[in-house]
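Notes for the one structure printed next.
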2 protein chains.
Amino acid sequence: MKEDNSLEEVKEIFSDYLTKKKHRKTPERFAILEHIYTHRGHFDAEMLYNMMQEDYRVSLATIYNTLDLLLDCSLILKHPFVGQTAQFEKTFGTGFHHHLVCSKCGSVKEFSDMKIRRTLQAKKFASFETTHYSLYLYGICSKCRKEMNSKKNK
Amino acid sequence: MKEDNSLEEVKEIFSDYLTKKKHRKTPERFAILEHIYTHRGHFDAEMLYNMMQEDYRVSLATIYNTLDLLLDCSLILKHPFVGQTAQFEKTFGTGFHHHLVCSKCGSVKEFSDMKIRRTLQAKKFASFETTHYSLYLYGICSKCRKEMNSKKNK
DNA sequence: TTTGTTGCAAAACGTTTGCAGCCTC
DNA sequence: GAGGCTGCAAACGTTTTGCAACAAA
């Protein structure tokens, strides 16, 4: 699947969703979707706002509004990181991955592990229909580990 | 391990931690710890504050301060649920468990799975020191599933 | 034409901070 | 007695809301 196709595909999904829910297809909404899908990695509302100021001006309120819609139709996901601002990520074309979160500096790295993935996907419940999962490993990244060690030696 | 012993044990851990870090052993800190460990389930700062008003008055600021200390010595953990307020949970005497979160009604259930636990604990990184992990499975709980089915049949 | 959506600014919310007085150590 | 800790209230940063103007259907 090519990047370009992915963008068109995603716009269509959003369009269908808006139609189904009887929401309006405003240029702002599609501009926001487009910026998200031509951007790499995680982002929060303000990063998206700043990024968009250059070529398509929208208000923060509209960004929050649209993020809710995109969440509802699963075109983005909201990360439950412990911290100040809500982090988002697009869901199409990113491949599967888990997250490493540094408890010290809050940095987030991604990793993939097939064994973990298989183990989790195999899990079934009688009275719960799993749609997706999120796995976060917390700890200290190498950068912070170095800083802590050098402080200790003082 | 009995509940009563667990409380004493936990107080000792906290006491040792405070000594080691050269922090003071104030009555407020131990009162907060005690309330947390005689309470079941998840809680947030304000719930704890309201709960404590009855028999030991502390300020919200002190609660936040103490929660940070308890996090630092791993007597509680902070849940990265998607949402407004930070959720905490005690770490001793609760057994290990993962979480099922219903995307429809937001209810949270716990489950245990040794295979998953072992797989995740076995994972090691060269440049990341893992301290803990959190796993959340999202989906639709049986109650919401029934509601959705009965709506569809109308 | 209707009514959902936008931008703006103000409000709300959880959390953090500054500071005077208190109480461990 | 010194300095960390507390309570209070004000400040902070993110997200939500109220409202008038606008534009999609």
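Residues are named by chain letter and number: chains run A, B, ... in the order of the structure tokens, numbers start at 1 in each chain, and ligands are numbered from 1 in the order shown.
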Could I get the residues of chain A with an atom no further than 9 Å from an atom of chain B, each paired with its nearest atom pair and that distance in Å to one decimal, using only C-alpha atoms, sorted by chain and residue number, as JSON lines?
```
{"residue": "A:Lys78", "atom": "CA", "partner": "B:Val82", "partner_atom": "CA", "distance": 7.2}
{"residue": "A:His79", "atom": "CA", "partner": "B:Val82", "partner_atom": "CA", "distance": 6.9}
{"residue": "A:Pro80", "atom": "CA", "partner": "B:Val82", "partner_atom": "CA", "distance": 4.7}
{"residue": "A:Phe81", "atom": "CA", "partner": "B:Pro80", "partner_atom": "CA", "distance": 5.3}
{"residue": "A:Val82", "atom": "CA", "partner": "B:Pro80", "partner_atom": "CA", "distance": 4.9}
{"residue": "A:Gly83", "atom": "CA", "partner": "B:Pro80", "partner_atom": "CA", "distance": 8.3}
{"residue": "A:Ala86", "atom": "CA", "partner": "B:Val82", "partner_atom": "CA", "distance": 8.2}
{"residue": "A:Leu100", "atom": "CA", "partner": "B:Phe128", "partner_atom": "CA", "distance": 8.1}
{"residue": "A:Cys102", "atom": "CA", "partner": "B:Phe128", "partner_atom": "CA", "distance": 8.4}
{"residue": "A:Asp113", "atom": "CA", "partner": "B:Lys123", "partner_atom": "CA", "distance": 9.0}
{"residue": "A:Lys115", "atom": "CA", "partner": "B:Thr119", "partner_atom": "CA", "distance": 7.8}
{"residue": "A:Ile116", "atom": "CA", "partner": "B:Thr119", "partner_atom": "CA", "distance": 6.4}
{"residue": "A:Thr119", "atom": "CA", "partner": "B:Ile116", "partner_atom": "CA", "distance": 6.4}
{"residue": "A:Leu120", "atom": "CA", "partner": "B:Ile116", "partner_atom": "CA", "distance": 6.9}
{"residue": "A:Lys123", "atom": "CA", "partner": "B:Ile116", "partner_atom": "CA", "distance": 8.8}
{"residue": "A:Ala126", "atom": "CA", "partner": "B:Ser142", "partner_atom": "CA", "distance": 8.7}
{"residue": "A:Ser127", "atom": "CA", "partner": "B:Ser142", "partner_atom": "CA", "distance": 5.1}
{"residue": "A:Phe128", "atom": "CA", "partner": "B:Cys141", "partner_atom": "CA", "distance": 4.7}
{"residue": "A:Glu129", "atom": "CA", "partner": "B:Ile140", "partner_atom": "CA", "distance": 5.2}
{"residue": "A:Thr130", "atom": "CA", "partner": "B:Gly139", "partner_atom": "CA", "distance": 4.2}
{"residue": "A:Thr131", "atom": "CA", "partner": "B:Gly139", "partner_atom": "CA", "distance": 4.7}
{"residue": "A:His132", "atom": "CA", "partner": "B:Tyr138", "partner_atom": "CA", "distance": 5.3}
{"residue": "A:Tyr133", "atom": "CA", "partner": "B:Leu137", "partner_atom": "CA", "distance": 4.2}
{"residue": "A:Ser134", "atom": "CA", "partner": "B:Tyr136", "partner_atom": "CA", "distance": 5.3}
{"residue": "A:Leu135", "atom": "CA", "partner": "B:Leu135", "partner_atom": "CA", "distance": 4.6}
{"residue": "A:Tyr136", "atom": "CA", "partner": "B:Ser134", "partner_atom": "CA", "distance": 5.3}
{"residue": "A:Leu137", "atom": "CA", "partner": "B:Tyr133", "partner_atom": "CA", "distance": 4.2}
{"residue": "A:Tyr138", "atom": "CA", "partner": "B:His132", "partner_atom": "CA", "distance": 5.3}
{"residue": "A:Gly139", "atom": "CA", "partner": "B:Thr130", "partner_atom": "CA", "distance": 4.2}
{"residue": "A:Ile140", "atom": "CA", "partner": "B:Glu129", "partner_atom": "CA", "distance": 5.3}
{"residue": "A:Cys141", "atom": "CA", "partner": "B:Phe128", "partner_atom": "CA", "distance": 4.8}
{"residue": "A:Ser142", "atom": "CA", "partner": "B:Ser127", "partner_atom": "CA", "distance": 5.2}
{"residue": "A:Lys143", "atom": "CA", "partner": "B:Ser127", "partner_atom": "CA", "distance": 8.7}
{"residue": "A:Arg145", "atom": "CA", "partner": "B:Glu129", "partner_atom": "CA", "distance": 8.4}
```
With N, CA, C and O atoms kept, could you save the residues just selected as a short mmCIF file (atom, residue, chain, number, x, y, z; two decimals), in the first residue's frame?
```
data_model
loop_
_atom_site.label_atom_id
_atom_site.label_comp_id
_atom_site.auth_asym_id
_atom_site.auth_seq_id
_atom_site.Cartn_x
_atom_site.Cartn_y
_atom_site.Cartn_z
N LYS A 78 -5.76 7.53 20.72
CA LYS A 78 -5.31 8.40 21.78
C LYS A 78 -4.45 7.56 22.72
O LYS A 78 -4.90 6.52 23.20
N HIS A 79 -3.25 8.03 22.97
CA HIS A 79 -2.37 7.25 23.84
C HIS A 79 -2.61 7.57 25.30
O HIS A 79 -2.66 8.73 25.68
N PRO A 80 -2.73 6.52 26.09
CA PRO A 80 -2.93 6.72 27.51
C PRO A 80 -1.61 6.88 28.23
O PRO A 80 -1.38 6.24 29.24
N PHE A 81 -0.71 7.74 27.75
CA PHE A 81 0.53 7.97 28.46
C PHE A 81 0.23 8.75 29.72
O PHE A 81 -0.64 9.61 29.73
N VAL A 82 0.98 8.43 30.75
CA VAL A 82 0.87 9.24 31.95
C VAL A 82 1.55 10.56 31.64
O VAL A 82 2.69 10.58 31.21
N GLY A 83 0.85 11.63 31.83
CA GLY A 83 1.51 12.90 31.54
C GLY A 83 0.53 14.01 31.31
O GLY A 83 -0.66 13.86 31.50
N ALA A 86 -2.55 15.00 26.02
CA ALA A 86 -2.97 13.78 25.33
C ALA A 86 -2.20 13.62 24.03
O ALA A 86 -2.09 14.55 23.25
N LEU A 100 7.68 2.02 24.56
CA LEU A 100 8.54 2.17 25.73
C LEU A 100 8.44 3.61 26.19
O LEU A 100 8.66 4.52 25.42
N CYS A 102 9.71 6.42 28.98
CA CYS A 102 10.68 6.73 30.04
C CYS A 102 9.97 7.48 31.17
O CYS A 102 9.37 8.52 30.94
N ASP A 113 7.45 -6.79 18.65
CA ASP A 113 7.82 -8.12 19.14
C ASP A 113 6.70 -9.08 18.80
O ASP A 113 5.61 -9.00 19.36
N LYS A 115 6.37 -12.25 19.30
CA LYS A 115 5.96 -13.21 20.32
C LYS A 115 4.90 -12.57 21.23
O LYS A 115 3.87 -13.17 21.53
N ILE A 116 5.18 -11.35 21.65
CA ILE A 116 4.23 -10.64 22.50
C ILE A 116 2.91 -10.47 21.76
O ILE A 116 1.83 -10.73 22.29
N THR A 119 0.97 -13.72 21.59
CA THR A 119 0.43 -14.09 22.90
C THR A 119 -0.81 -13.29 23.23
O THR A 119 -1.81 -13.81 23.71
N LEU A 120 -0.75 -11.99 22.94
CA LEU A 120 -1.88 -11.13 23.27
C LEU A 120 -3.07 -11.37 22.36
O LEU A 120 -4.23 -11.34 22.80
N LYS A 123 -5.34 -14.35 23.27
CA LYS A 123 -6.18 -14.26 24.47
C LYS A 123 -7.64 -13.97 24.11
O LYS A 123 -7.93 -12.99 23.42
N ALA A 126 -14.75 -15.04 27.40
CA ALA A 126 -16.11 -15.49 27.16
C ALA A 126 -17.06 -14.30 27.06
O ALA A 126 -17.96 -14.27 26.24
N SER A 127 -16.83 -13.31 27.91
CA SER A 127 -17.81 -12.23 27.99
C SER A 127 -17.20 -10.87 27.66
O SER A 127 -17.63 -9.84 28.16
N PHE A 128 -16.17 -10.88 26.83
CA PHE A 128 -15.56 -9.61 26.44
C PHE A 128 -14.97 -9.77 25.05
O PHE A 128 -14.17 -10.67 24.80
N GLU A 129 -15.42 -8.89 24.15
CA GLU A 129 -14.98 -8.95 22.77
C GLU A 129 -13.83 -7.98 22.57
O GLU A 129 -14.04 -6.78 22.47
N THR A 130 -12.62 -8.47 22.48
CA THR A 130 -11.47 -7.57 22.36
C THR A 130 -11.36 -7.01 20.95
O THR A 130 -11.42 -7.76 19.98
N THR A 131 -11.19 -5.70 20.85
CA THR A 131 -10.99 -5.10 19.53
C THR A 131 -9.53 -4.71 19.32
O THR A 131 -9.00 -4.84 18.24
N HIS A 132 -8.90 -4.22 20.37
CA HIS A 132 -7.48 -3.88 20.26
C HIS A 132 -6.88 -3.82 21.66
O HIS A 132 -7.58 -3.92 22.64
N TYR A 133 -5.58 -3.66 21.70
CA TYR A 133 -4.94 -3.59 23.01
C TYR A 133 -3.85 -2.54 22.98
O TYR A 133 -3.42 -2.11 21.91
N SER A 134 -3.42 -2.13 24.13
CA SER A 134 -2.27 -1.24 24.18
C SER A 134 -1.33 -1.73 25.26
O SER A 134 -1.74 -2.09 26.35
N LEU A 135 -0.08 -1.75 24.90
CA LEU A 135 0.95 -2.24 25.82
C LEU A 135 2.02 -1.17 25.97
O LEU A 135 2.58 -0.69 24.99
N TYR A 136 2.28 -0.79 27.21
CA TYR A 136 3.30 0.21 27.49
C TYR A 136 4.27 -0.34 28.50
O TYR A 136 3.87 -0.81 29.57
N LEU A 137 5.54 -0.32 28.14
CA LEU A 137 6.57 -0.71 29.10
C LEU A 137 7.20 0.57 29.65
O LEU A 137 7.63 1.43 28.89
N TYR A 138 7.23 0.68 30.96
CA TYR A 138 7.78 1.87 31.59
C TYR A 138 9.15 1.57 32.17
O TYR A 138 9.41 0.45 32.61
N GLY A 139 9.99 2.58 32.17
CA GLY A 139 11.31 2.38 32.74
C GLY A 139 12.17 3.62 32.57
O GLY A 139 11.66 4.73 32.47
N ILE A 140 13.47 3.42 32.55
CA ILE A 140 14.41 4.53 32.42
C ILE A 140 15.19 4.35 31.12
O ILE A 140 15.78 3.29 30.90
N CYS A 141 15.16 5.37 30.29
CA CYS A 141 15.87 5.27 29.02
C CYS A 141 17.37 5.47 29.26
O CYS A 141 17.77 5.97 30.31
N SER A 142 18.16 5.10 28.29
CA SER A 142 19.62 5.11 28.48
C SER A 142 20.15 6.52 28.77
O SER A 142 21.07 6.70 29.57
N LYS A 143 19.55 7.52 28.16
CA LYS A 143 19.98 8.90 28.37
C LYS A 143 19.80 9.30 29.84
O LYS A 143 20.72 9.82 30.48
N ARG A 145 19.39 7.28 32.33
CA ARG A 145 20.20 6.39 33.17
C ARG A 145 21.61 6.98 33.32
O ARG A 145 22.16 7.02 34.42
#
```
(request) Find the residues of chain A in contact range of chain C, meaning any atom within 9 Å when counting only C-alpha atoms (C1' of nucleotides), and list them as a PyMOL selection string. (result) chain A and resi 23-24+26+28+58-62
Next, dump the selected residues to file, keeping only N, CA, C and O atoms, as a tab-separated table (two decimals), in the first residue's frame.
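Contents of selection35.tsv, as written:
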```
chain	number	residue	atom	x	y	z
A	23	HIS	N	-22.86	14.37	9.89
A	23	HIS	CA	-22.02	15.53	10.20
A	23	HIS	C	-21.61	16.19	8.89
A	23	HIS	O	-21.60	15.54	7.84
A	24	ARG	N	-21.24	17.47	8.99
A	24	ARG	CA	-20.91	18.18	7.75
A	24	ARG	C	-19.47	17.96	7.31
A	24	ARG	O	-18.58	17.81	8.13
A	26	THR	N	-16.68	19.67	6.31
A	26	THR	CA	-16.08	21.00	6.22
A	26	THR	C	-14.63	20.88	5.78
A	26	THR	O	-13.97	19.89	6.04
A	28	GLU	N	-12.10	22.37	6.97
A	28	GLU	CA	-11.24	22.27	8.16
A	28	GLU	C	-11.00	20.81	8.54
A	28	GLU	O	-9.88	20.40	8.84
A	58	VAL	N	-6.62	26.92	11.42
A	58	VAL	CA	-7.80	26.47	12.14
A	58	VAL	C	-7.62	26.80	13.62
A	58	VAL	O	-6.51	26.94	14.09
A	59	SER	N	-8.71	26.89	14.32
A	59	SER	CA	-8.63	27.18	15.75
A	59	SER	C	-8.37	25.89	16.53
A	59	SER	O	-8.65	24.79	16.05
A	60	LEU	N	-7.86	26.08	17.73
A	60	LEU	CA	-7.63	24.93	18.60
A	60	LEU	C	-8.93	24.19	18.89
A	60	LEU	O	-8.96	22.96	18.94
A	61	ALA	N	-10.00	24.95	19.08
A	61	ALA	CA	-11.30	24.34	19.38
A	61	ALA	C	-11.71	23.38	18.27
A	61	ALA	O	-12.20	22.28	18.54
A	62	THR	N	-11.50	23.79	17.05
A	62	THR	CA	-11.86	22.94	15.91
A	62	THR	C	-10.97	21.70	15.86
A	62	THR	O	-11.42	20.61	15.53
```
(message) What does the Cα RMSD come to when chain B is optimally superposed on chain A over every C-alpha atom in order?
(response)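 So the superposition leaves a C-alpha RMSD of 1.4 Å.
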(request) Fewer than 4 positions away in the same chain doesn't count, so skip those; otherwise give me all residues within 9 Å of A:Cys73, counting only C-alpha atoms (C1' of nucleotides), as an MDAnalysis selection string. (result) chainID A and resid 13:14 17 68:69
Take the residues from that selection and write them out as a PDB file, in the first residue's frame, keeping all heavy atoms.
```pdb
ATOM      1  N   ILE A  13     -12.789   7.076   4.096  1.00  0.00           N
ATOM      2  CA  ILE A  13     -13.342   6.503   5.328  1.00  0.00           C
ATOM      3  C   ILE A  13     -13.969   7.602   6.179  1.00  0.00           C
ATOM      4  O   ILE A  13     -15.075   7.460   6.698  1.00  0.00           O
ATOM      5  CB  ILE A  13     -12.223   5.798   6.138  1.00  0.00           C
ATOM      6  CG1 ILE A  13     -11.745   4.548   5.388  1.00  0.00           C
ATOM      7  CG2 ILE A  13     -12.717   5.426   7.534  1.00  0.00           C
ATOM      8  CD1 ILE A  13     -10.512   3.911   5.987  1.00  0.00           C
ATOM      9  N   PHE A  14     -13.250   8.722   6.260  1.00  0.00           N
ATOM     10  CA  PHE A  14     -13.730   9.843   7.067  1.00  0.00           C
ATOM     11  C   PHE A  14     -15.004  10.415   6.469  1.00  0.00           C
ATOM     12  O   PHE A  14     -15.994  10.685   7.165  1.00  0.00           O
ATOM     13  CB  PHE A  14     -12.642  10.916   7.152  1.00  0.00           C
ATOM     14  CG  PHE A  14     -12.902  11.982   8.178  1.00  0.00           C
ATOM     15  CD1 PHE A  14     -13.545  11.690   9.382  1.00  0.00           C
ATOM     16  CD2 PHE A  14     -12.477  13.293   7.961  1.00  0.00           C
ATOM     17  CE1 PHE A  14     -13.761  12.670  10.345  1.00  0.00           C
ATOM     18  CE2 PHE A  14     -12.690  14.274   8.922  1.00  0.00           C
ATOM     19  CZ  PHE A  14     -13.337  13.962  10.102  1.00  0.00           C
ATOM     20  N   TYR A  17     -17.870   8.186   7.133  1.00  0.00           N
ATOM     21  CA  TYR A  17     -18.245   8.306   8.541  1.00  0.00           C
ATOM     22  C   TYR A  17     -19.082   9.554   8.779  1.00  0.00           C
ATOM     23  O   TYR A  17     -20.116   9.517   9.451  1.00  0.00           O
ATOM     24  CB  TYR A  17     -16.982   8.332   9.408  1.00  0.00           C
ATOM     25  CG  TYR A  17     -17.209   8.805  10.822  1.00  0.00           C
ATOM     26  CD1 TYR A  17     -17.732   7.952  11.790  1.00  0.00           C
ATOM     27  CD2 TYR A  17     -16.920  10.122  11.189  1.00  0.00           C
ATOM     28  CE1 TYR A  17     -17.950   8.391  13.081  1.00  0.00           C
ATOM     29  CE2 TYR A  17     -17.138  10.574  12.474  1.00  0.00           C
ATOM     30  CZ  TYR A  17     -17.656   9.705  13.419  1.00  0.00           C
ATOM     31  OH  TYR A  17     -17.883  10.151  14.689  1.00  0.00           O
ATOM     32  N   ASP A  68     -11.846  14.395  18.158  1.00  0.00           N
ATOM     33  CA  ASP A  68     -12.884  13.527  18.719  1.00  0.00           C
ATOM     34  C   ASP A  68     -13.576  12.705  17.642  1.00  0.00           C
ATOM     35  O   ASP A  68     -13.834  11.515  17.819  1.00  0.00           O
ATOM     36  CB  ASP A  68     -13.935  14.372  19.454  1.00  0.00           C
ATOM     37  CG  ASP A  68     -13.469  14.744  20.855  1.00  0.00           C
ATOM     38  OD1 ASP A  68     -12.513  14.122  21.350  1.00  0.00           O
ATOM     39  OD2 ASP A  68     -14.060  15.659  21.449  1.00  0.00           O
ATOM     40  N   LEU A  69     -13.856  13.356  16.521  1.00  0.00           N
ATOM     41  CA  LEU A  69     -14.501  12.643  15.421  1.00  0.00           C
ATOM     42  C   LEU A  69     -13.585  11.555  14.871  1.00  0.00           C
ATOM     43  O   LEU A  69     -14.018  10.431  14.614  1.00  0.00           O
ATOM     44  CB  LEU A  69     -14.865  13.624  14.292  1.00  0.00           C
ATOM     45  CG  LEU A  69     -15.891  14.704  14.632  1.00  0.00           C
ATOM     46  CD1 LEU A  69     -16.061  15.668  13.466  1.00  0.00           C
ATOM     47  CD2 LEU A  69     -17.225  14.071  14.999  1.00  0.00           C
TER      48      LEU A  69
END
```
List every residue of stretch 1-151 of chain A that DSSP, applied to the backbone, labels as alpha helix (DSSP H), and write the result as a compact mmCIF listing (two decimals) with N, CA and C atoms, in the first residue's frame.
```
# COMPACT_ATOMS: atom_id res chain seq x y z
N GLU A 3 1.76 5.34 0.18
CA GLU A 3 1.38 6.46 1.05
C GLU A 3 0.25 7.28 0.45
N ASP A 4 0.35 7.54 -0.86
CA ASP A 4 -0.63 8.40 -1.52
C ASP A 4 -2.02 7.77 -1.51
N ASN A 5 -2.03 6.49 -1.80
CA ASN A 5 -3.31 5.79 -1.77
C ASN A 5 -3.90 5.83 -0.37
N SER A 6 -3.02 5.63 0.59
CA SER A 6 -3.46 5.60 1.97
C SER A 6 -4.18 6.89 2.35
N LEU A 7 -3.67 8.02 1.89
CA LEU A 7 -4.30 9.30 2.21
C LEU A 7 -5.69 9.39 1.61
N GLU A 8 -5.81 8.98 0.36
CA GLU A 8 -7.12 9.02 -0.31
C GLU A 8 -8.11 8.08 0.38
N GLU A 9 -7.59 6.93 0.69
CA GLU A 9 -8.41 5.90 1.34
C GLU A 9 -8.95 6.41 2.67
N VAL A 10 -8.07 7.04 3.42
CA VAL A 10 -8.42 7.53 4.74
C VAL A 10 -9.44 8.66 4.64
N LYS A 11 -9.30 9.50 3.65
CA LYS A 11 -10.27 10.58 3.43
C LYS A 11 -11.65 10.01 3.13
N GLU A 12 -11.65 8.92 2.38
CA GLU A 12 -12.92 8.30 2.02
C GLU A 12 -13.60 7.71 3.25
N ILE A 13 -12.79 7.08 4.10
CA ILE A 13 -13.34 6.50 5.33
C ILE A 13 -13.97 7.60 6.18
N PHE A 14 -13.25 8.72 6.26
CA PHE A 14 -13.73 9.84 7.07
C PHE A 14 -15.00 10.42 6.47
N SER A 15 -15.00 10.55 5.17
CA SER A 15 -16.16 11.07 4.45
C SER A 15 -17.39 10.20 4.68
N ASP A 16 -17.20 8.90 4.56
CA ASP A 16 -18.30 7.96 4.79
C ASP A 16 -18.82 8.08 6.22
N TYR A 17 -17.87 8.19 7.13
CA TYR A 17 -18.24 8.31 8.54
C TYR A 17 -19.08 9.55 8.78
N LEU A 18 -18.66 10.67 8.19
CA LEU A 18 -19.38 11.94 8.38
C LEU A 18 -20.79 11.84 7.80
N THR A 19 -20.88 11.21 6.65
CA THR A 19 -22.19 11.03 6.03
C THR A 19 -23.10 10.20 6.93
N LYS A 20 -22.56 9.07 7.38
CA LYS A 20 -23.34 8.14 8.20
C LYS A 20 -23.84 8.83 9.47
N PRO A 27 -14.14 21.91 5.10
CA PRO A 27 -12.73 21.89 4.66
C PRO A 27 -11.76 21.76 5.84
N GLU A 28 -12.10 22.37 6.97
CA GLU A 28 -11.24 22.27 8.16
C GLU A 28 -11.00 20.81 8.54
N ARG A 29 -12.06 20.04 8.57
CA ARG A 29 -11.95 18.65 9.00
C ARG A 29 -11.03 17.85 8.10
N PHE A 30 -11.15 18.09 6.78
CA PHE A 30 -10.30 17.33 5.87
C PHE A 30 -8.87 17.84 5.90
N ALA A 31 -8.71 19.13 6.14
CA ALA A 31 -7.36 19.68 6.25
C ALA A 31 -6.63 19.08 7.44
N ILE A 32 -7.36 18.95 8.55
CA ILE A 32 -6.77 18.36 9.76
C ILE A 32 -6.38 16.90 9.51
N LEU A 33 -7.30 16.15 8.92
CA LEU A 33 -7.02 14.75 8.61
C LEU A 33 -5.77 14.63 7.73
N GLU A 34 -5.69 15.51 6.74
CA GLU A 34 -4.58 15.45 5.80
C GLU A 34 -3.25 15.74 6.51
N HIS A 35 -3.26 16.72 7.37
CA HIS A 35 -2.03 17.04 8.10
C HIS A 35 -1.59 15.89 9.00
N ILE A 36 -2.56 15.24 9.62
CA ILE A 36 -2.22 14.12 10.49
C ILE A 36 -1.60 13.00 9.69
N TYR A 37 -2.18 12.73 8.51
CA TYR A 37 -1.72 11.59 7.74
C TYR A 37 -0.49 11.87 6.87
N ALA A 45 -2.57 18.05 20.46
CA ALA A 45 -3.42 19.05 19.83
C ALA A 45 -2.64 20.31 19.46
N GLU A 46 -1.77 20.74 20.35
CA GLU A 46 -1.07 21.99 20.10
C GLU A 46 -0.02 21.87 19.01
N MET A 47 0.67 20.73 18.97
CA MET A 47 1.64 20.49 17.90
C MET A 47 0.94 20.57 16.55
N LEU A 48 -0.21 19.94 16.48
CA LEU A 48 -1.00 19.94 15.25
C LEU A 48 -1.42 21.37 14.90
N TYR A 49 -1.83 22.10 15.90
CA TYR A 49 -2.26 23.49 15.71
C TYR A 49 -1.11 24.33 15.15
N ASN A 50 0.05 24.24 15.78
CA ASN A 50 1.21 25.01 15.32
C ASN A 50 1.64 24.61 13.92
N MET A 51 1.62 23.33 13.68
CA MET A 51 2.02 22.80 12.39
C MET A 51 1.11 23.32 11.28
N MET A 52 -0.18 23.44 11.60
CA MET A 52 -1.14 23.83 10.57
C MET A 52 -1.17 25.33 10.29
N GLN A 53 -0.72 26.11 11.23
CA GLN A 53 -0.78 27.57 11.06
C GLN A 53 -0.17 28.01 9.73
N LEU A 60 -7.86 26.08 17.73
CA LEU A 60 -7.63 24.93 18.60
C LEU A 60 -8.93 24.19 18.89
N ALA A 61 -10.00 24.95 19.08
CA ALA A 61 -11.30 24.34 19.38
C ALA A 61 -11.71 23.38 18.27
N THR A 62 -11.50 23.79 17.05
CA THR A 62 -11.86 22.94 15.91
C THR A 62 -10.97 21.70 15.86
N ILE A 63 -9.72 21.88 16.21
CA ILE A 63 -8.82 20.73 16.26
C ILE A 63 -9.31 19.71 17.28
N TYR A 64 -9.67 20.17 18.46
CA TYR A 64 -10.18 19.24 19.47
C TYR A 64 -11.46 18.56 18.99
N ASN A 65 -12.31 19.33 18.42
CA ASN A 65 -13.56 18.79 17.88
C ASN A 65 -13.29 17.70 16.85
N THR A 66 -12.40 17.99 15.92
CA THR A 66 -12.11 17.03 14.85
C THR A 66 -11.38 15.79 15.38
N LEU A 67 -10.50 15.99 16.35
CA LEU A 67 -9.81 14.83 16.93
C LEU A 67 -10.81 13.86 17.55
N ASP A 68 -11.85 14.39 18.16
CA ASP A 68 -12.88 13.53 18.72
C ASP A 68 -13.58 12.70 17.64
N LEU A 69 -13.86 13.36 16.52
CA LEU A 69 -14.50 12.64 15.42
C LEU A 69 -13.59 11.55 14.87
N LEU A 70 -12.31 11.90 14.72
CA LEU A 70 -11.36 10.93 14.17
C LEU A 70 -11.15 9.76 15.11
N LEU A 71 -11.22 10.04 16.39
CA LEU A 71 -11.15 8.95 17.38
C LEU A 71 -12.35 8.04 17.24
N ASP A 72 -13.50 8.67 17.08
CA ASP A 72 -14.75 7.91 17.02
C ASP A 72 -14.79 6.97 15.83
N MET A 114 7.01 -9.94 17.87
CA MET A 114 6.00 -10.87 17.36
C MET A 114 5.48 -11.83 18.41
N LYS A 115 6.37 -12.25 19.30
CA LYS A 115 5.96 -13.21 20.32
C LYS A 115 4.90 -12.57 21.23
N ILE A 116 5.18 -11.35 21.65
CA ILE A 116 4.23 -10.64 22.50
C ILE A 116 2.91 -10.47 21.76
N ARG A 117 3.02 -10.05 20.52
CA ARG A 117 1.81 -9.82 19.73
C ARG A 117 0.96 -11.08 19.62
N ARG A 118 1.62 -12.19 19.35
CA ARG A 118 0.89 -13.44 19.20
C ARG A 118 0.23 -13.86 20.51
N THR A 119 0.97 -13.72 21.59
CA THR A 119 0.43 -14.09 22.90
C THR A 119 -0.81 -13.29 23.23
N LEU A 120 -0.75 -11.99 22.94
CA LEU A 120 -1.88 -11.13 23.27
C LEU A 120 -3.07 -11.37 22.36
N GLN A 121 -2.78 -11.62 21.09
CA GLN A 121 -3.89 -11.83 20.16
C GLN A 121 -4.60 -13.15 20.41
N ALA A 122 -3.87 -14.10 21.01
CA ALA A 122 -4.46 -15.41 21.28
C ALA A 122 -5.45 -15.37 22.44
N SER A 142 18.16 5.10 28.29
CA SER A 142 19.62 5.11 28.48
C SER A 142 20.15 6.52 28.77
N LYS A 143 19.55 7.52 28.16
CA LYS A 143 19.98 8.90 28.37
C LYS A 143 19.80 9.30 29.84
N CYS A 144 18.61 9.04 30.37
CA CYS A 144 18.33 9.38 31.77
C CYS A 144 19.16 8.52 32.71
N ARG A 145 19.39 7.28 32.33
CA ARG A 145 20.20 6.39 33.17
C ARG A 145 21.61 6.98 33.32
N LYS A 146 22.15 7.46 32.23
CA LYS A 146 23.50 8.07 32.26
C LYS A 146 23.52 9.29 33.17
N GLU A 147 22.51 10.14 33.02
CA GLU A 147 22.43 11.35 33.85
C GLU A 147 22.35 11.00 35.33
N MET A 148 21.54 9.99 35.65
CA MET A 148 21.37 9.60 37.05
C MET A 148 22.68 9.05 37.61
N ASN A 149 23.40 8.29 36.79
CA ASN A 149 24.67 7.74 37.25
C ASN A 149 25.71 8.83 37.48
N SER A 150 25.77 9.79 36.59
CA SER A 150 26.78 10.83 36.74
C SER A 150 26.47 11.73 37.94
N LYS A 151 25.19 11.91 38.25
CA LYS A 151 24.81 12.67 39.44
C LYS A 151 25.25 11.95 40.71
```
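Nearest residue to D:DG13 among A:Lys90, A:His98, A:Asp55, A:Thr85 is A:Thr85, counting only C-alpha atoms (C1' of nucleotides).
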(request) Could you tell me how far atom CA of A:Thr91 lies from atom CA of A:Lys21, in Å and to one decimal? (result) 20.5 Å
(request) For atom CA of A:Phe88 and atom CA of A:Ser74, quote the distance in Å rounded to one decimal. (result)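 So the answer is 11.4 Å.
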(request) Rank D:DA25, D:DC5, D:DC19, D:DC12 by their smallest atom-to-atom distance to chain A, using only C-alpha atoms (C1' of nucleotides), and report the top residue only. (result)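 So, comparing all the options, the nearest one is D:DA25.
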(request) Per DSSP on the backbone, filter chain B down to the residues in strand (DSSP E or B) and report them as a PyMOL selection string. (result) chain B and resi 43+76-79+87-90+98-102+108-111+128-141
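Distance-wise, atom CA of A:Arg40 and atom C1' of D:DT16 end up 27.4 Å apart.
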(request) Within 8 Å of chain B, which residues of chain D are there when counting only C-alpha atoms (C1' of nucleotides)? Please give them as a VMD selection string. (result) chain D and resid 4 to 7
